[in-house]
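> Structure provided below as structure tokens; questions to follow.
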Amino acid sequence: MNMLQRLLAVLVLLLAVAQGASVTENKPPTVIVLPQENTLVHELPLSVVVKVDSNAVDAVKILNASGEKTIDINGSKAIYCKTIALVLGDNTLHIRSYKKGQLIDEQKRHLYVTSPLYSQYKYPPTQYKRQFFHTDRNESLCRSCHDMSVNEKQGIAFIDVKESNCYACHHQLTNEKYAHAPSVNWLCTSCHNGKVGSDNAWQKGRSKFLVSKPVNSLCFSCHKKNAKLWKSYRFRHEPLDSGRCNKCHNSHSTPYKMFVRKPVNSICLGCHKDKRMRVKQRDSDCEGTIKGKECVACHSPHASNKQFFLMDEEERKKLESKQHGRER
Ligand code: HEC
Ligand code: HEC
Ligand code: HEC
Ligand code: HEC
Ligand code: HEC
Ligand code: HEC
Ligand code: HEC
């Protein structure tokens, strides 16, 4: 290489650097802080956080299958936050920036909501990954405006749940009709204590607020009477015995009593497909879905001393008299 060539090479390099710089100056007027691309989630409410150049943008719209939400950009701050609702399975978020009604920028994010009780959503496509939020690094993006420390006292409900530091960002988790007592009282860390179990040992240290899985020992730490009773029974339902209470129950809130994830019969039929169309047969008294009865009119979902977890009159009345979770 002679002197001239060297000089040229340096010039080319300088030009490239200058161009690079101008590329960053042309960065999009809206930067998506959250969610990350290809995130796998378990709950429907999702936080969207955007950093907006308020000179270039006066409104941001977030669109997905469940609707549209608008954030008005008022010029006084750079970060804007919105909770949106996802749908089960694939979700594409369109994040559109406007100036005086003109679309000036559009970006997309893909997410997947998985659920243990729907065979079609049980095994997410491989590009979706669990991406935990609650690490020091991520939280530092929000601390200037949100207090993210734990301010609950073990076993003592908040007088006003808005006082919980978790409420500001997660308030939509407990909005469904039937809700679980520790969740409506915002005692979140009674379950989300950061510990892991044998089923999720690989997640150790990835988030401050993990739950240990399988979840039964967690549930039984409060539901001691149930634990004692069910363990004393001769016949126990497999998903109960293997500790997977959250297959049927959502720990926060759902539209169904006892915050089961789906109407009772569809929960049972999700795993017991053969009972769907069952007509009373000579060798069987199981009525399946016929006569519009609920499976739990005859079967305990958990355990019993009778085979097939059949309940006697007294056990059935007891189950029916339960509060069914807090109705709101
Ligand atoms: C510049 C200050 C600021 C920063 C930084 C900030 N937020 Fe917010 N956030 C707010 C304010 C103010 C609200 C109250 C709701 C509103 O926008 O009117 C809020 C509300 C929220 C909500 C509830 C929105 C809704 O629709 O109910 C969520 C979720 C949220 N923030 C998440 C975050 C996360 C996650 C971060 C960090 C990545 C973050 N915020 C960083 C100021 C901020
Ligand atoms: C500034 C907003 C904000 C606050 C305050 C906040 N979270 Fe979160 N949290 C998030 C975001 C964002 C996610 C990612 C999932 C989502 O979009 O909801 C998340 C996810 C989680 C998860 C899933 C695991 C993980 O790390 O991704 C748990 C559990 C959780 N939060 C519990 C809590 C608890 C308990 C508190 C109160 C001590 C709390 N959060 C306070 C914003 C917040
Ligand atoms: C009774 C135990 C329990 C309580 C109380 C509880 N959670 Fe959860 N939460 C769970 C379990 C278990 C999961 C995991 C979802 C699954 O697989 O069922 C979960 C999942 C979550 C997720 C979604 C994480 C993901 O995988 O995307 C968030 C966010 C969350 N919880 C926040 C909270 C907040 C905030 C509170 C307080 C209002 C709370 N939880 C109270 C048990 C609990
Ligand atoms: C921090 C304590 C605590 C933990 C942990 C806990 N629960 Fe609860 N749960 C309660 C309280 C308190 C109630 C309401 C009191 C009552 O009526 O029994 C309740 C009620 C329920 C109910 C409704 C019962 C009824 O009679 O209305 C169900 C179902 C339930 N919990 C399931 C679970 C599952 C599943 C888990 C584990 C994922 C779990 N709980 C973990 C405290 C807890
Ligand atoms: C196969 C699904 C399934 C599994 C697994 C399951 N439950 Fe339930 N659970 C139900 C149904 C269904 C009801 C009753 C709903 C109704 O009556 O409509 C119920 C009711 C309850 C109740 C209130 C009634 C009672 O007998 O006290 C509690 C408490 C409860 N479950 C806790 C748990 C815990 C803890 C686990 C895990 C150890 C668990 N459940 C596992 C489906 C299930
Ligand atoms: C997560 C999957 C799952 C769900 C949901 C589920 N079951 Fe089961 N159930 C099983 C498994 C696994 C077995 C044990 C294997 C077998 O015998 O089929 C079982 C066994 C049974 C048995 C005993 C069968 C026998 O031959 O001994 C009955 C009865 C039963 N379940 C009823 C119900 C009812 C009622 C519901 C709804 C409240 C329900 N199941 C929900 C997975 C599930
Ligand atoms: C009117 C009472 C009744 C209702 C309602 C009922 N069952 Fe049964 N079921 C029985 C009886 C009795 C048995 C005893 C074994 C037999 O005769 O087959 C049984 C047996 C079973 C078995 C184990 C044996 C087998 O045939 O595989 C399963 C699994 C089962 N039922 C699931 C369900 C599901 C799921 C529902 C709701 C869709 C349901 N049952 C509704 C009474 C009922």
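FYI, nothing fancy with the structure tokens labels: chains A, B, ... in order, residues from 1 per chain, ligands from 1 as they appear.
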Return as a list in words every polymer residue, whether protein, DNA or RNA, with at least one atom no more than 8 Å from an atom of ligand 6; count only C-alpha atoms and all ligand atoms.

Pro116, Leu117, His237, Glu238, Pro239, Arg244, Lys247, Cys248, Val264, Asn265, Ser266, Ile267, Cys268, Leu269, Gly270, Cys271, His272, Cys295, Val296, Cys298, His299, Ser300, Pro301, His302, Gln307, Phe308, Phe309 and Leu310 of chain A

> Write out as a tab-separated table the residues of chain A that have any atom within 6 Å of an atom of ligand 3, one row each with the nearest atom pair and its distance in Å to one decimal, counting only C-alpha atoms and all ligand atoms, sorted by chain and then rising number.


residue	atom	partner	partner_atom_place_in_ligand_line	distance
A:Val41	CA	ligand 3	27 (O)	3.8
A:His42	CA	ligand 3	27 (O)	4.0
A:Glu43	CA	ligand 3	23 (C)	5.1
A:Cys166	CA	ligand 3	35 (C)	5.5
A:His170	CA	ligand 3	35 (C)	5.1
A:Pro182	CA	ligand 3	5 (C)	4.7
A:Ser183	CA	ligand 3	38 (C)	4.1
A:Trp186	CA	ligand 3	38 (C)	4.2
A:Leu187	CA	ligand 3	37 (C)	5.6
A:Cys188	CA	ligand 3	37 (C)	3.4
A:Ser190	CA	ligand 3	5 (C)	5.8
A:Cys191	CA	ligand 3	2 (C)	4.3
A:Val211	CA	ligand 3	12 (C)	5.9
A:Asn246	CA	ligand 3	18 (O)	4.7
A:Asn250	CA	ligand 3	18 (O)	5.9
A:Ser251	CA	ligand 3	1 (C)	4.7
A:His252	CA	ligand 3	6 (C)	5.7

> If you run DSSP on the backbone, which residues of stretch 9-257 of chain A are alpha helix (DSSP H), as a ChimeraX atom specification?

/A:9-25,119-122,136-139,167-170,181-184,216-220,224-232,238-241,245-248

> Restricting it to C-alpha atoms, dump the selection as a PDB file, in the first residue's frame.


ATOM      1  CA  ALA A   9      -8.375   4.251   3.088  1.00  0.00           C
ATOM      2  CA  VAL A  10      -8.378   6.642   6.033  1.00  0.00           C
ATOM      3  CA  LEU A  11     -10.705   8.993   4.147  1.00  0.00           C
ATOM      4  CA  VAL A  12     -13.115   6.169   3.364  1.00  0.00           C
ATOM      5  CA  LEU A  13     -13.079   5.165   7.009  1.00  0.00           C
ATOM      6  CA  LEU A  14     -13.750   8.719   8.146  1.00  0.00           C
ATOM      7  CA  LEU A  15     -16.616   8.981   5.688  1.00  0.00           C
ATOM      8  CA  ALA A  16     -18.095   5.743   6.978  1.00  0.00           C
ATOM      9  CA  VAL A  17     -17.869   7.029  10.556  1.00  0.00           C
ATOM     10  CA  ALA A  18     -19.513  10.288   9.558  1.00  0.00           C
ATOM     11  CA  GLN A  19     -22.277   8.415   7.784  1.00  0.00           C
ATOM     12  CA  GLY A  20     -22.701   6.162  10.796  1.00  0.00           C
ATOM     13  CA  ALA A  21     -23.133   9.244  12.933  1.00  0.00           C
ATOM     14  CA  SER A  22     -25.754  10.673  10.618  1.00  0.00           C
ATOM     15  CA  VAL A  23     -27.568   7.340  10.669  1.00  0.00           C
ATOM     16  CA  THR A  24     -27.879   7.538  14.444  1.00  0.00           C
ATOM     17  CA  GLU A  25     -29.119  11.094  14.115  1.00  0.00           C
ATOM     18  CA  SER A 119     -53.259 -27.736  23.622  1.00  0.00           C
ATOM     19  CA  GLN A 120     -52.828 -25.221  20.783  1.00  0.00           C
ATOM     20  CA  TYR A 121     -51.022 -22.667  23.017  1.00  0.00           C
ATOM     21  CA  LYS A 122     -49.120 -25.079  25.218  1.00  0.00           C
ATOM     22  CA  ASP A 136     -31.348  -4.338  38.541  1.00  0.00           C
ATOM     23  CA  ARG A 137     -30.359  -3.355  35.025  1.00  0.00           C
ATOM     24  CA  ASN A 138     -33.892  -3.229  33.645  1.00  0.00           C
ATOM     25  CA  GLU A 139     -35.373  -1.636  36.735  1.00  0.00           C
ATOM     26  CA  TYR A 167     -49.863  -1.761  41.715  1.00  0.00           C
ATOM     27  CA  ALA A 168     -48.846   1.070  39.370  1.00  0.00           C
ATOM     28  CA  CYS A 169     -47.604  -1.317  36.713  1.00  0.00           C
ATOM     29  CA  HIS A 170     -49.541  -4.524  37.377  1.00  0.00           C
ATOM     30  CA  ALA A 181     -57.178 -13.163  48.261  1.00  0.00           C
ATOM     31  CA  PRO A 182     -53.379 -12.629  48.429  1.00  0.00           C
ATOM     32  CA  SER A 183     -53.448 -11.071  44.960  1.00  0.00           C
ATOM     33  CA  VAL A 184     -56.344  -8.673  45.612  1.00  0.00           C
ATOM     34  CA  ASN A 216     -48.027 -27.026  45.326  1.00  0.00           C
ATOM     35  CA  SER A 217     -45.721 -26.410  48.269  1.00  0.00           C
ATOM     36  CA  LEU A 218     -46.244 -22.701  47.691  1.00  0.00           C
ATOM     37  CA  CYS A 219     -50.030 -23.109  47.745  1.00  0.00           C
ATOM     38  CA  PHE A 220     -49.949 -25.482  50.700  1.00  0.00           C
ATOM     39  CA  LYS A 224     -52.615 -26.171  55.131  1.00  0.00           C
ATOM     40  CA  LYS A 225     -56.034 -27.697  55.822  1.00  0.00           C
ATOM     41  CA  ASN A 226     -56.498 -28.683  52.201  1.00  0.00           C
ATOM     42  CA  ALA A 227     -53.017 -30.141  52.136  1.00  0.00           C
ATOM     43  CA  LYS A 228     -53.664 -32.298  55.165  1.00  0.00           C
ATOM     44  CA  LEU A 229     -57.062 -33.453  53.977  1.00  0.00           C
ATOM     45  CA  TRP A 230     -56.076 -34.227  50.394  1.00  0.00           C
ATOM     46  CA  LYS A 231     -52.917 -36.043  51.415  1.00  0.00           C
ATOM     47  CA  SER A 232     -54.999 -38.252  53.703  1.00  0.00           C
ATOM     48  CA  GLU A 238     -52.549 -36.698  38.990  1.00  0.00           C
ATOM     49  CA  PRO A 239     -52.123 -32.924  38.316  1.00  0.00           C
ATOM     50  CA  LEU A 240     -52.647 -32.293  42.042  1.00  0.00           C
ATOM     51  CA  ASP A 241     -50.189 -34.932  43.113  1.00  0.00           C
ATOM     52  CA  CYS A 245     -52.245 -26.402  40.797  1.00  0.00           C
ATOM     53  CA  ASN A 246     -51.647 -23.591  38.326  1.00  0.00           C
ATOM     54  CA  LYS A 247     -52.661 -25.822  35.430  1.00  0.00           C
ATOM     55  CA  CYS A 248     -56.245 -25.296  36.557  1.00  0.00           C
TER      56      CYS A 248
END

> For chain A versus ligand 2, which residues have an atom no more than 9 Å away, and what is each residue's nearest atom pair and distance in Å rounded to one decimal, using only C-alpha atoms and all ligand atoms, chain-then-number order, as CSV?


residue,atom,partner,partner_atom_place_in_ligand_line,distance
A:Leu34,CA,ligand 2,12 (C),6.8
A:Pro35,CA,ligand 2,17 (O),6.5
A:Val41,CA,ligand 2,15 (C),7.3
A:His42,CA,ligand 2,23 (C),8.7
A:Glu43,CA,ligand 2,18 (O),7.7
A:Leu44,CA,ligand 2,18 (O),8.4
A:Pro45,CA,ligand 2,18 (O),6.1
A:Leu46,CA,ligand 2,17 (O),3.9
A:Ser47,CA,ligand 2,17 (O),3.8
A:Val48,CA,ligand 2,17 (O),6.7
A:Val49,CA,ligand 2,12 (C),7.8
A:Cys81,CA,ligand 2,2 (C),8.9
A:Thr83,CA,ligand 2,17 (O),7.8
A:Ile84,CA,ligand 2,17 (O),8.9
A:Arg130,CA,ligand 2,27 (O),8.2
A:Gln131,CA,ligand 2,27 (O),6.4
A:Phe132,CA,ligand 2,27 (O),3.5
A:Phe133,CA,ligand 2,27 (O),3.7
A:His134,CA,ligand 2,26 (O),3.8
A:Thr135,CA,ligand 2,26 (O),6.9
A:Asn138,CA,ligand 2,12 (C),9.0
A:Glu139,CA,ligand 2,1 (C),7.2
A:Leu141,CA,ligand 2,1 (C),8.6
A:Cys142,CA,ligand 2,1 (C),5.5
A:Arg143,CA,ligand 2,1 (C),7.2
A:Cys145,CA,ligand 2,1 (C),7.9
A:His146,CA,ligand 2,1 (C),5.2
A:Asp147,CA,ligand 2,5 (C),6.1
A:Met148,CA,ligand 2,5 (C),4.5
A:Ser149,CA,ligand 2,38 (C),5.5
A:Val150,CA,ligand 2,38 (C),4.1
A:Asn151,CA,ligand 2,38 (C),6.9
A:Glu152,CA,ligand 2,38 (C),7.8
A:Ser164,CA,ligand 2,37 (C),7.0
A:Asn165,CA,ligand 2,37 (C),5.2
A:Cys166,CA,ligand 2,37 (C),3.4
A:Tyr167,CA,ligand 2,5 (C),6.8
A:Ala168,CA,ligand 2,5 (C),5.8
A:Cys169,CA,ligand 2,2 (C),4.4
A:His170,CA,ligand 2,7 (N),6.3
A:Trp186,CA,ligand 2,35 (C),8.4
A:Leu187,CA,ligand 2,35 (C),8.0
A:Cys188,CA,ligand 2,35 (C),4.9
A:Thr189,CA,ligand 2,35 (C),5.4
A:Ser190,CA,ligand 2,35 (C),8.9
A:Cys191,CA,ligand 2,35 (C),8.7
A:His192,CA,ligand 2,29 (C),5.7
A:Asn193,CA,ligand 2,35 (C),8.1
A:Gly194,CA,ligand 2,29 (C),8.4
A:Arg206,CA,ligand 2,26 (O),7.3
A:Ser207,CA,ligand 2,26 (O),4.5
A:Lys208,CA,ligand 2,26 (O),6.3
A:Phe209,CA,ligand 2,29 (C),4.5
A:Leu210,CA,ligand 2,29 (C),5.6
A:Val211,CA,ligand 2,29 (C),7.3

> Suppose you want the space between atom CA of A:Glu294 and atom 5 (C, counted along the ligand's line) of ligand 7; what is it in Å?

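Separation between atom CA of A:Glu294 and atom 5 (C, counted along the ligand's line) of ligand 7: 5.3 Å.
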
> Could you work out how far atom 4 (C, counted along the ligand's line) of ligand 4 lies from atom CA of A:Arg316, giving the answer in Å with one decimal?

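Separating atom CA of A:Arg316 from atom 4 (C, counted along the ligand's line) of ligand 4 is a distance of 23.4 Å.
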
> Mind pulling up the distance from atom CA of A:Leu88 to atom 37 (C, counted along the ligand's line) of ligand 7?

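Value for the atom 37 (C, counted along the ligand's line) of ligand 7-atom CA of A:Leu88 distance: 24.2 Å.
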